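Peer 1: Next comes query_14.txt, compact mmCIF, N, CA and C atoms:
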# COMPACT_ATOMS: atom_id res chain seq x y z
N MET A 439 11.66 -32.75 -31.97
CA MET A 439 10.90 -32.32 -30.81
C MET A 439 11.43 -30.97 -30.34
N THR A 440 10.56 -30.00 -30.16
CA THR A 440 10.99 -28.67 -29.76
C THR A 440 10.59 -28.40 -28.33
N ASN A 441 11.19 -27.34 -27.78
CA ASN A 441 10.87 -26.94 -26.41
C ASN A 441 9.85 -25.80 -26.38
N GLU A 442 9.09 -25.68 -27.44
CA GLU A 442 8.09 -24.62 -27.50
C GLU A 442 6.96 -24.95 -26.54
N PRO A 443 6.41 -23.90 -25.89
CA PRO A 443 5.31 -24.16 -24.97
C PRO A 443 4.09 -24.66 -25.74
N PRO A 444 3.27 -25.46 -25.10
CA PRO A 444 2.07 -25.95 -25.77
C PRO A 444 1.11 -24.80 -26.05
N PRO A 445 0.36 -24.91 -27.13
CA PRO A 445 -0.61 -23.84 -27.40
C PRO A 445 -1.68 -23.82 -26.32
N ILE A 446 -2.06 -22.63 -25.94
CA ILE A 446 -3.12 -22.50 -24.93
C ILE A 446 -4.19 -21.58 -25.48
N ALA A 447 -5.35 -21.68 -24.86
CA ALA A 447 -6.43 -20.77 -25.24
C ALA A 447 -6.00 -19.36 -24.90
N THR A 448 -6.24 -18.46 -25.80
CA THR A 448 -5.83 -17.08 -25.53
C THR A 448 -7.04 -16.25 -25.22
N SER A 449 -6.89 -15.40 -24.27
CA SER A 449 -7.97 -14.49 -23.92
C SER A 449 -7.52 -13.09 -24.29
N THR A 450 -8.46 -12.20 -24.30
CA THR A 450 -8.14 -10.82 -24.64
C THR A 450 -7.42 -10.17 -23.46
N PRO A 451 -6.69 -9.10 -23.72
CA PRO A 451 -5.98 -8.44 -22.63
C PRO A 451 -6.96 -7.93 -21.57
N PRO A 452 -6.48 -7.77 -20.34
CA PRO A 452 -7.39 -7.32 -19.29
C PRO A 452 -7.96 -5.95 -19.60
N PRO A 453 -9.21 -5.73 -19.23
CA PRO A 453 -9.83 -4.44 -19.53
C PRO A 453 -9.34 -3.39 -18.56
N GLU A 454 -9.59 -2.15 -18.93
CA GLU A 454 -9.36 -1.09 -17.96
C GLU A 454 -10.36 -1.32 -16.85
N PHE A 455 -10.02 -0.89 -15.67
CA PHE A 455 -10.93 -1.10 -14.56
C PHE A 455 -12.23 -0.35 -14.78
N LEU A 456 -13.31 -0.97 -14.36
CA LEU A 456 -14.60 -0.32 -14.43
C LEU A 456 -14.64 0.79 -13.41
N PRO A 457 -15.38 1.85 -13.67
CA PRO A 457 -15.48 2.92 -12.68
C PRO A 457 -16.03 2.39 -11.36
N ALA A 458 -15.56 2.95 -10.27
CA ALA A 458 -15.97 2.47 -8.94
C ALA A 458 -17.49 2.55 -8.75
N ASN A 459 -18.11 3.50 -9.36
CA ASN A 459 -19.55 3.68 -9.16
C ASN A 459 -20.39 3.05 -10.27
N ALA A 460 -19.80 2.17 -11.07
CA ALA A 460 -20.51 1.57 -12.20
C ALA A 460 -21.76 0.82 -11.79
N PHE A 461 -21.75 0.21 -10.62
CA PHE A 461 -22.89 -0.59 -10.18
C PHE A 461 -23.51 0.00 -8.92
N ASP A 462 -23.35 1.28 -8.75
CA ASP A 462 -23.77 1.95 -7.54
C ASP A 462 -25.18 2.52 -7.66
N PHE A 463 -26.14 1.67 -8.02
CA PHE A 463 -27.51 2.15 -8.16
C PHE A 463 -28.39 1.70 -6.99
N ILE A 464 -27.90 0.80 -6.15
CA ILE A 464 -28.70 0.32 -5.02
C ILE A 464 -29.08 1.44 -4.06
N PRO A 465 -28.15 2.34 -3.67
CA PRO A 465 -28.55 3.43 -2.78
C PRO A 465 -29.65 4.31 -3.38
N ASP A 466 -29.55 4.56 -4.69
CA ASP A 466 -30.58 5.37 -5.35
C ASP A 466 -31.93 4.65 -5.34
N LEU A 467 -31.90 3.36 -5.60
CA LEU A 467 -33.13 2.57 -5.58
C LEU A 467 -33.72 2.54 -4.18
N HIS A 468 -32.88 2.37 -3.19
CA HIS A 468 -33.33 2.36 -1.80
C HIS A 468 -33.99 3.68 -1.43
N ALA A 469 -33.34 4.78 -1.81
CA ALA A 469 -33.90 6.10 -1.52
C ALA A 469 -35.25 6.29 -2.20
N LEU A 470 -35.38 5.84 -3.43
CA LEU A 470 -36.64 5.94 -4.15
C LEU A 470 -37.74 5.14 -3.45
N LEU A 471 -37.42 3.92 -3.06
CA LEU A 471 -38.40 3.08 -2.36
C LEU A 471 -38.81 3.68 -1.02
N LEU A 472 -37.85 4.28 -0.33
CA LEU A 472 -38.19 4.94 0.94
C LEU A 472 -39.16 6.09 0.70
N ARG A 473 -38.91 6.88 -0.33
CA ARG A 473 -39.80 8.00 -0.64
C ARG A 473 -41.21 7.51 -0.94
N VAL A 474 -41.30 6.38 -1.66
CA VAL A 474 -42.61 5.82 -1.99
C VAL A 474 -43.28 5.31 -0.72
N SER A 475 -42.54 4.59 0.11
CA SER A 475 -43.14 4.00 1.32
C SER A 475 -43.55 5.07 2.33
N ARG A 476 -42.85 6.20 2.33
CA ARG A 476 -43.20 7.31 3.24
C ARG A 476 -44.24 8.23 2.62
N GLU A 477 -44.69 7.85 1.43
CA GLU A 477 -45.68 8.62 0.68
C GLU A 477 -45.19 10.03 0.37
N GLU A 478 -43.86 10.16 0.19
CA GLU A 478 -43.28 11.44 -0.23
C GLU A 478 -43.30 11.56 -1.75
N LEU A 479 -43.61 10.44 -2.39
CA LEU A 479 -43.64 10.41 -3.85
C LEU A 479 -44.87 9.63 -4.27
N GLU A 480 -45.61 10.21 -5.18
CA GLU A 480 -46.81 9.53 -5.65
C GLU A 480 -46.42 8.45 -6.66
N LEU A 481 -47.20 7.38 -6.70
CA LEU A 481 -46.91 6.26 -7.59
C LEU A 481 -46.81 6.68 -9.05
N LYS A 482 -47.62 7.67 -9.44
CA LYS A 482 -47.59 8.11 -10.83
C LYS A 482 -46.26 8.76 -11.20
N ASP A 483 -45.48 9.21 -10.20
CA ASP A 483 -44.20 9.86 -10.46
C ASP A 483 -43.00 8.91 -10.36
N VAL A 484 -43.25 7.69 -9.96
CA VAL A 484 -42.16 6.73 -9.77
C VAL A 484 -41.41 6.48 -11.08
N ASP A 485 -42.13 6.32 -12.17
CA ASP A 485 -41.49 6.05 -13.46
C ASP A 485 -40.50 7.16 -13.82
N HIS A 486 -40.94 8.39 -13.69
CA HIS A 486 -40.08 9.53 -14.01
C HIS A 486 -38.88 9.60 -13.05
N GLU A 487 -39.13 9.42 -11.77
CA GLU A 487 -38.08 9.53 -10.75
C GLU A 487 -37.07 8.38 -10.82
N SER A 488 -37.49 7.27 -11.39
CA SER A 488 -36.59 6.11 -11.46
C SER A 488 -35.80 6.05 -12.76
N SER A 489 -36.01 6.98 -13.66
CA SER A 489 -35.35 6.92 -14.97
C SER A 489 -33.83 6.95 -14.85
N HIS A 490 -33.28 7.75 -13.94
CA HIS A 490 -31.82 7.80 -13.80
C HIS A 490 -31.27 6.47 -13.27
N ILE A 491 -32.07 5.76 -12.48
CA ILE A 491 -31.64 4.45 -11.98
C ILE A 491 -31.61 3.45 -13.14
N ARG A 492 -32.64 3.50 -13.97
CA ARG A 492 -32.67 2.62 -15.14
C ARG A 492 -31.47 2.88 -16.06
N LEU A 493 -31.12 4.15 -16.24
CA LEU A 493 -29.98 4.49 -17.09
C LEU A 493 -28.68 3.93 -16.51
N LYS A 494 -28.52 4.05 -15.19
CA LYS A 494 -27.32 3.50 -14.55
C LYS A 494 -27.26 1.99 -14.76
N MET A 495 -28.40 1.32 -14.61
CA MET A 495 -28.44 -0.13 -14.78
C MET A 495 -28.13 -0.52 -16.23
N GLU A 496 -28.63 0.23 -17.18
CA GLU A 496 -28.36 -0.05 -18.60
C GLU A 496 -26.87 0.13 -18.90
N ARG A 497 -26.26 1.19 -18.33
CA ARG A 497 -24.82 1.40 -18.53
C ARG A 497 -24.03 0.25 -17.92
N ALA A 498 -24.44 -0.19 -16.74
CA ALA A 498 -23.75 -1.30 -16.07
C ALA A 498 -23.86 -2.57 -16.91
N ARG A 499 -25.04 -2.85 -17.44
CA ARG A 499 -25.21 -4.02 -18.31
C ARG A 499 -24.30 -3.94 -19.53
N ALA A 500 -24.22 -2.75 -20.13
CA ALA A 500 -23.38 -2.56 -21.31
C ALA A 500 -21.91 -2.78 -20.97
N MET A 501 -21.47 -2.29 -19.80
CA MET A 501 -20.08 -2.47 -19.39
C MET A 501 -19.77 -3.95 -19.20
N VAL A 502 -20.67 -4.67 -18.57
CA VAL A 502 -20.47 -6.10 -18.34
C VAL A 502 -20.44 -6.84 -19.68
N ALA A 503 -21.34 -6.48 -20.58
CA ALA A 503 -21.40 -7.14 -21.89
C ALA A 503 -20.11 -6.92 -22.69
N ASN A 504 -19.42 -5.83 -22.43
CA ASN A 504 -18.19 -5.52 -23.17
C ASN A 504 -16.93 -6.06 -22.51
N LEU A 505 -17.07 -6.71 -21.35
CA LEU A 505 -15.90 -7.29 -20.71
C LEU A 505 -15.37 -8.43 -21.56
N PRO A 506 -14.06 -8.61 -21.57
CA PRO A 506 -13.51 -9.70 -22.37
C PRO A 506 -13.90 -11.05 -21.78
N ASP A 507 -14.09 -11.99 -22.65
CA ASP A 507 -14.37 -13.38 -22.29
C ASP A 507 -15.71 -13.58 -21.59
N VAL A 508 -16.56 -12.58 -21.58
CA VAL A 508 -17.86 -12.74 -20.93
C VAL A 508 -18.70 -13.80 -21.65
N ASP A 509 -18.36 -14.06 -22.90
CA ASP A 509 -19.10 -15.05 -23.67
C ASP A 509 -18.52 -16.46 -23.52
N ARG A 510 -17.39 -16.59 -22.81
CA ARG A 510 -16.78 -17.90 -22.62
C ARG A 510 -17.45 -18.63 -21.46
N SER A 511 -17.56 -19.93 -21.61
CA SER A 511 -18.20 -20.72 -20.56
C SER A 511 -17.22 -20.93 -19.41
N LEU A 512 -17.77 -21.31 -18.28
CA LEU A 512 -16.95 -21.60 -17.11
C LEU A 512 -15.99 -22.75 -17.42
N GLY A 513 -16.47 -23.74 -18.16
CA GLY A 513 -15.63 -24.87 -18.55
C GLY A 513 -14.43 -24.43 -19.37
N GLU A 514 -14.66 -23.52 -20.33
CA GLU A 514 -13.56 -23.01 -21.16
C GLU A 514 -12.54 -22.27 -20.30
N GLN A 515 -13.03 -21.48 -19.36
CA GLN A 515 -12.13 -20.72 -18.51
C GLN A 515 -11.33 -21.66 -17.59
N LYS A 516 -11.98 -22.69 -17.05
CA LYS A 516 -11.29 -23.65 -16.20
C LYS A 516 -10.23 -24.41 -16.99
N LYS A 517 -10.55 -24.75 -18.25
CA LYS A 517 -9.59 -25.45 -19.10
C LYS A 517 -8.36 -24.57 -19.32
N GLU A 518 -8.57 -23.30 -19.60
CA GLU A 518 -7.44 -22.40 -19.80
C GLU A 518 -6.60 -22.29 -18.53
N ILE A 519 -7.26 -22.23 -17.39
CA ILE A 519 -6.53 -22.15 -16.11
C ILE A 519 -5.67 -23.39 -15.92
N ARG A 520 -6.25 -24.57 -16.19
CA ARG A 520 -5.48 -25.82 -16.07
C ARG A 520 -4.26 -25.81 -17.00
N GLU A 521 -4.49 -25.38 -18.24
CA GLU A 521 -3.39 -25.34 -19.21
C GLU A 521 -2.29 -24.38 -18.75
N LEU A 522 -2.69 -23.23 -18.22
CA LEU A 522 -1.70 -22.27 -17.74
C LEU A 522 -0.96 -22.80 -16.52
N GLU A 523 -1.67 -23.49 -15.63
CA GLU A 523 -1.01 -24.08 -14.46
C GLU A 523 -0.01 -25.15 -14.88
N GLU A 524 -0.38 -25.96 -15.86
CA GLU A 524 0.54 -26.99 -16.38
C GLU A 524 1.77 -26.33 -16.99
N ARG A 525 1.55 -25.28 -17.72
CA ARG A 525 2.67 -24.57 -18.36
C ARG A 525 3.60 -23.98 -17.30
N ILE A 526 3.03 -23.43 -16.24
CA ILE A 526 3.84 -22.87 -15.15
C ILE A 526 4.68 -23.97 -14.50
N GLU A 527 4.08 -25.14 -14.27
CA GLU A 527 4.81 -26.25 -13.67
C GLU A 527 5.97 -26.68 -14.55
N LYS A 528 5.75 -26.75 -15.86
CA LYS A 528 6.82 -27.11 -16.78
C LYS A 528 7.94 -26.08 -16.73
N GLN A 529 7.57 -24.80 -16.69
CA GLN A 529 8.57 -23.74 -16.64
C GLN A 529 9.36 -23.81 -15.33
N ARG A 530 8.68 -24.09 -14.23
CA ARG A 530 9.38 -24.24 -12.95
C ARG A 530 10.36 -25.40 -13.01
N GLY A 531 9.95 -26.50 -13.63
CA GLY A 531 10.83 -27.64 -13.78
C GLY A 531 12.06 -27.30 -14.60
N MET A 532 11.85 -26.55 -15.68
CA MET A 532 12.98 -26.16 -16.52
C MET A 532 13.92 -25.23 -15.76
N ILE A 533 13.38 -24.31 -15.00
CA ILE A 533 14.23 -23.40 -14.21
C ILE A 533 15.04 -24.19 -13.19
N LYS A 534 14.38 -25.14 -12.54
CA LYS A 534 15.08 -25.97 -11.56
C LYS A 534 16.19 -26.78 -12.22
N ALA A 535 15.89 -27.35 -13.38
CA ALA A 535 16.89 -28.14 -14.10
C ALA A 535 18.08 -27.29 -14.49
N VAL A 536 17.84 -26.09 -14.96
CA VAL A 536 18.94 -25.19 -15.34
C VAL A 536 19.75 -24.81 -14.11
N ALA A 537 19.07 -24.51 -13.01
CA ALA A 537 19.76 -24.12 -11.77
C ALA A 537 20.62 -25.24 -11.24
N GLU A 538 20.28 -26.49 -11.52
CA GLU A 538 21.03 -27.64 -11.03
C GLU A 538 22.19 -28.04 -11.96
N MET A 539 22.30 -27.39 -13.10
CA MET A 539 23.39 -27.70 -14.04
C MET A 539 24.71 -27.25 -13.42
N GLN A 540 25.72 -28.07 -13.57
CA GLN A 540 27.03 -27.78 -12.97
C GLN A 540 27.59 -26.47 -13.47
N ILE A 541 27.45 -26.19 -14.76
CA ILE A 541 28.01 -24.96 -15.31
C ILE A 541 27.36 -23.73 -14.66
N VAL A 542 26.07 -23.80 -14.39
CA VAL A 542 25.37 -22.68 -13.75
C VAL A 542 25.86 -22.53 -12.32
N LYS A 543 26.03 -23.66 -11.62
CA LYS A 543 26.55 -23.62 -10.25
C LYS A 543 27.94 -23.00 -10.23
N ASP A 544 28.79 -23.36 -11.22
CA ASP A 544 30.14 -22.80 -11.29
C ASP A 544 30.10 -21.29 -11.51
N ILE A 545 29.22 -20.84 -12.39
CA ILE A 545 29.11 -19.40 -12.66
C ILE A 545 28.66 -18.67 -11.41
N ILE A 546 27.69 -19.21 -10.72
CA ILE A 546 27.18 -18.58 -9.50
C ILE A 546 28.30 -18.53 -8.44
N ARG A 547 29.02 -19.62 -8.31
CA ARG A 547 30.11 -19.69 -7.32
C ARG A 547 31.19 -18.64 -7.64
N ARG A 548 31.54 -18.51 -8.93
CA ARG A 548 32.56 -17.55 -9.33
C ARG A 548 32.14 -16.12 -9.07
N ARG A 549 30.86 -15.85 -9.17
CA ARG A 549 30.35 -14.48 -8.95
C ARG A 549 30.10 -14.22 -7.46
N GLY A 550 30.38 -15.20 -6.64
CA GLY A 550 30.23 -14.98 -5.21
C GLY A 550 28.83 -15.25 -4.70
N GLY A 551 28.00 -15.85 -5.51
CA GLY A 551 26.64 -16.19 -5.10
C GLY A 551 26.59 -17.48 -4.35
N VAL A 552 25.43 -17.84 -3.94
CA VAL A 552 25.21 -19.10 -3.22
C VAL A 552 24.60 -20.11 -4.15
N GLU A 553 24.84 -21.38 -3.84
CA GLU A 553 24.23 -22.44 -4.64
C GLU A 553 22.83 -22.71 -4.20
Output the file's structure in the form of structure tokens.
Peer 2:
Amino acid sequence: MTNEPPPIATSTPPPEFLPANAFDFIPDLHALLLRVSREELELKDVDHESSHIRLKMERARAMVANLPDVDRSLGEQKKEIRELEERIEKQRGMIKAVAEMQIVKDIIRRRGGVE
């Protein structure tokens, strides 16, 4: 029997942060709708005027699709969280057990530390 940690589901490393304005198309959409409602923009021009909003939305979709684990189900993610929490509890138990060993207490006492 070994003291190796149990195997857990592995996820990919965390991504670089998404740009702050990655999903910032709502103000543009709002401005476009205001222009239409105020009749500052003709309906025939809406398609052309909204193209930059569509591009922002497509980029945002692509960024989300490329996030790690986006294809994993909620159940899979919850299972990994449970496994990691169990592993943390085991590690805490081992640390506590080591800290309670007499030899460790003696070393701490000799170095002037507290028990």
Peer 1: For a test of reading the model, state the distance in Å between atom N of Arg549 in chain A and atom C of Ile533 in chain A, rounded to one decimal.
Peer 2: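 Here the two named atoms are 18.3 Å from each other.
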Peer 1: With distances taken over only N, CA and C atoms, which residue among A:Glu538, A:Glu477, A:Glu518, A:Asp466 lies nearest Ile491 in chain A?
Peer 2: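 So, comparing all the options, the nearest one is A:Asp466.
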Peer 1: Tell me, as a list of chain:residue names, which residues lie within 8 Å of Ser488 in chain A, counting all atoms listed in the file; anything in the same chain fewer than 5 positions away does not count.
Peer 2: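 Final neighbour list, sorted by chain and number: A:Asp466, A:Leu467, A:Leu470, A:Asp483, A:Leu493, A:Lys494.
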Peer 1: Report, in Å to a single decimal, how far apart CA of Ser511 in chain A and CA of Pro457 in chain A are.
Peer 2: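 Spanning CA of Pro457 in chain A to CA of Ser511 in chain A is a straight-line distance of 25.1 Å.
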Peer 1: Measure the distance from CA of Ala503 in chain A to CA of Asn459 in chain A in Å and round it to one decimal.
Peer 2: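 Computed distance, CA of Ala503 in chain A to CA of Asn459 in chain A, equals 16.8 Å.
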Peer 1: Counting all atoms listed in the file, which residue out of A:Ala460, A:Gln540, A:Phe455, A:Arg547 sits closest to Ala498 in chain A?
Peer 2: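 When distances to Ala498 in chain A are compared using all atoms listed in the file, the smallest one comes from A:Ala460.
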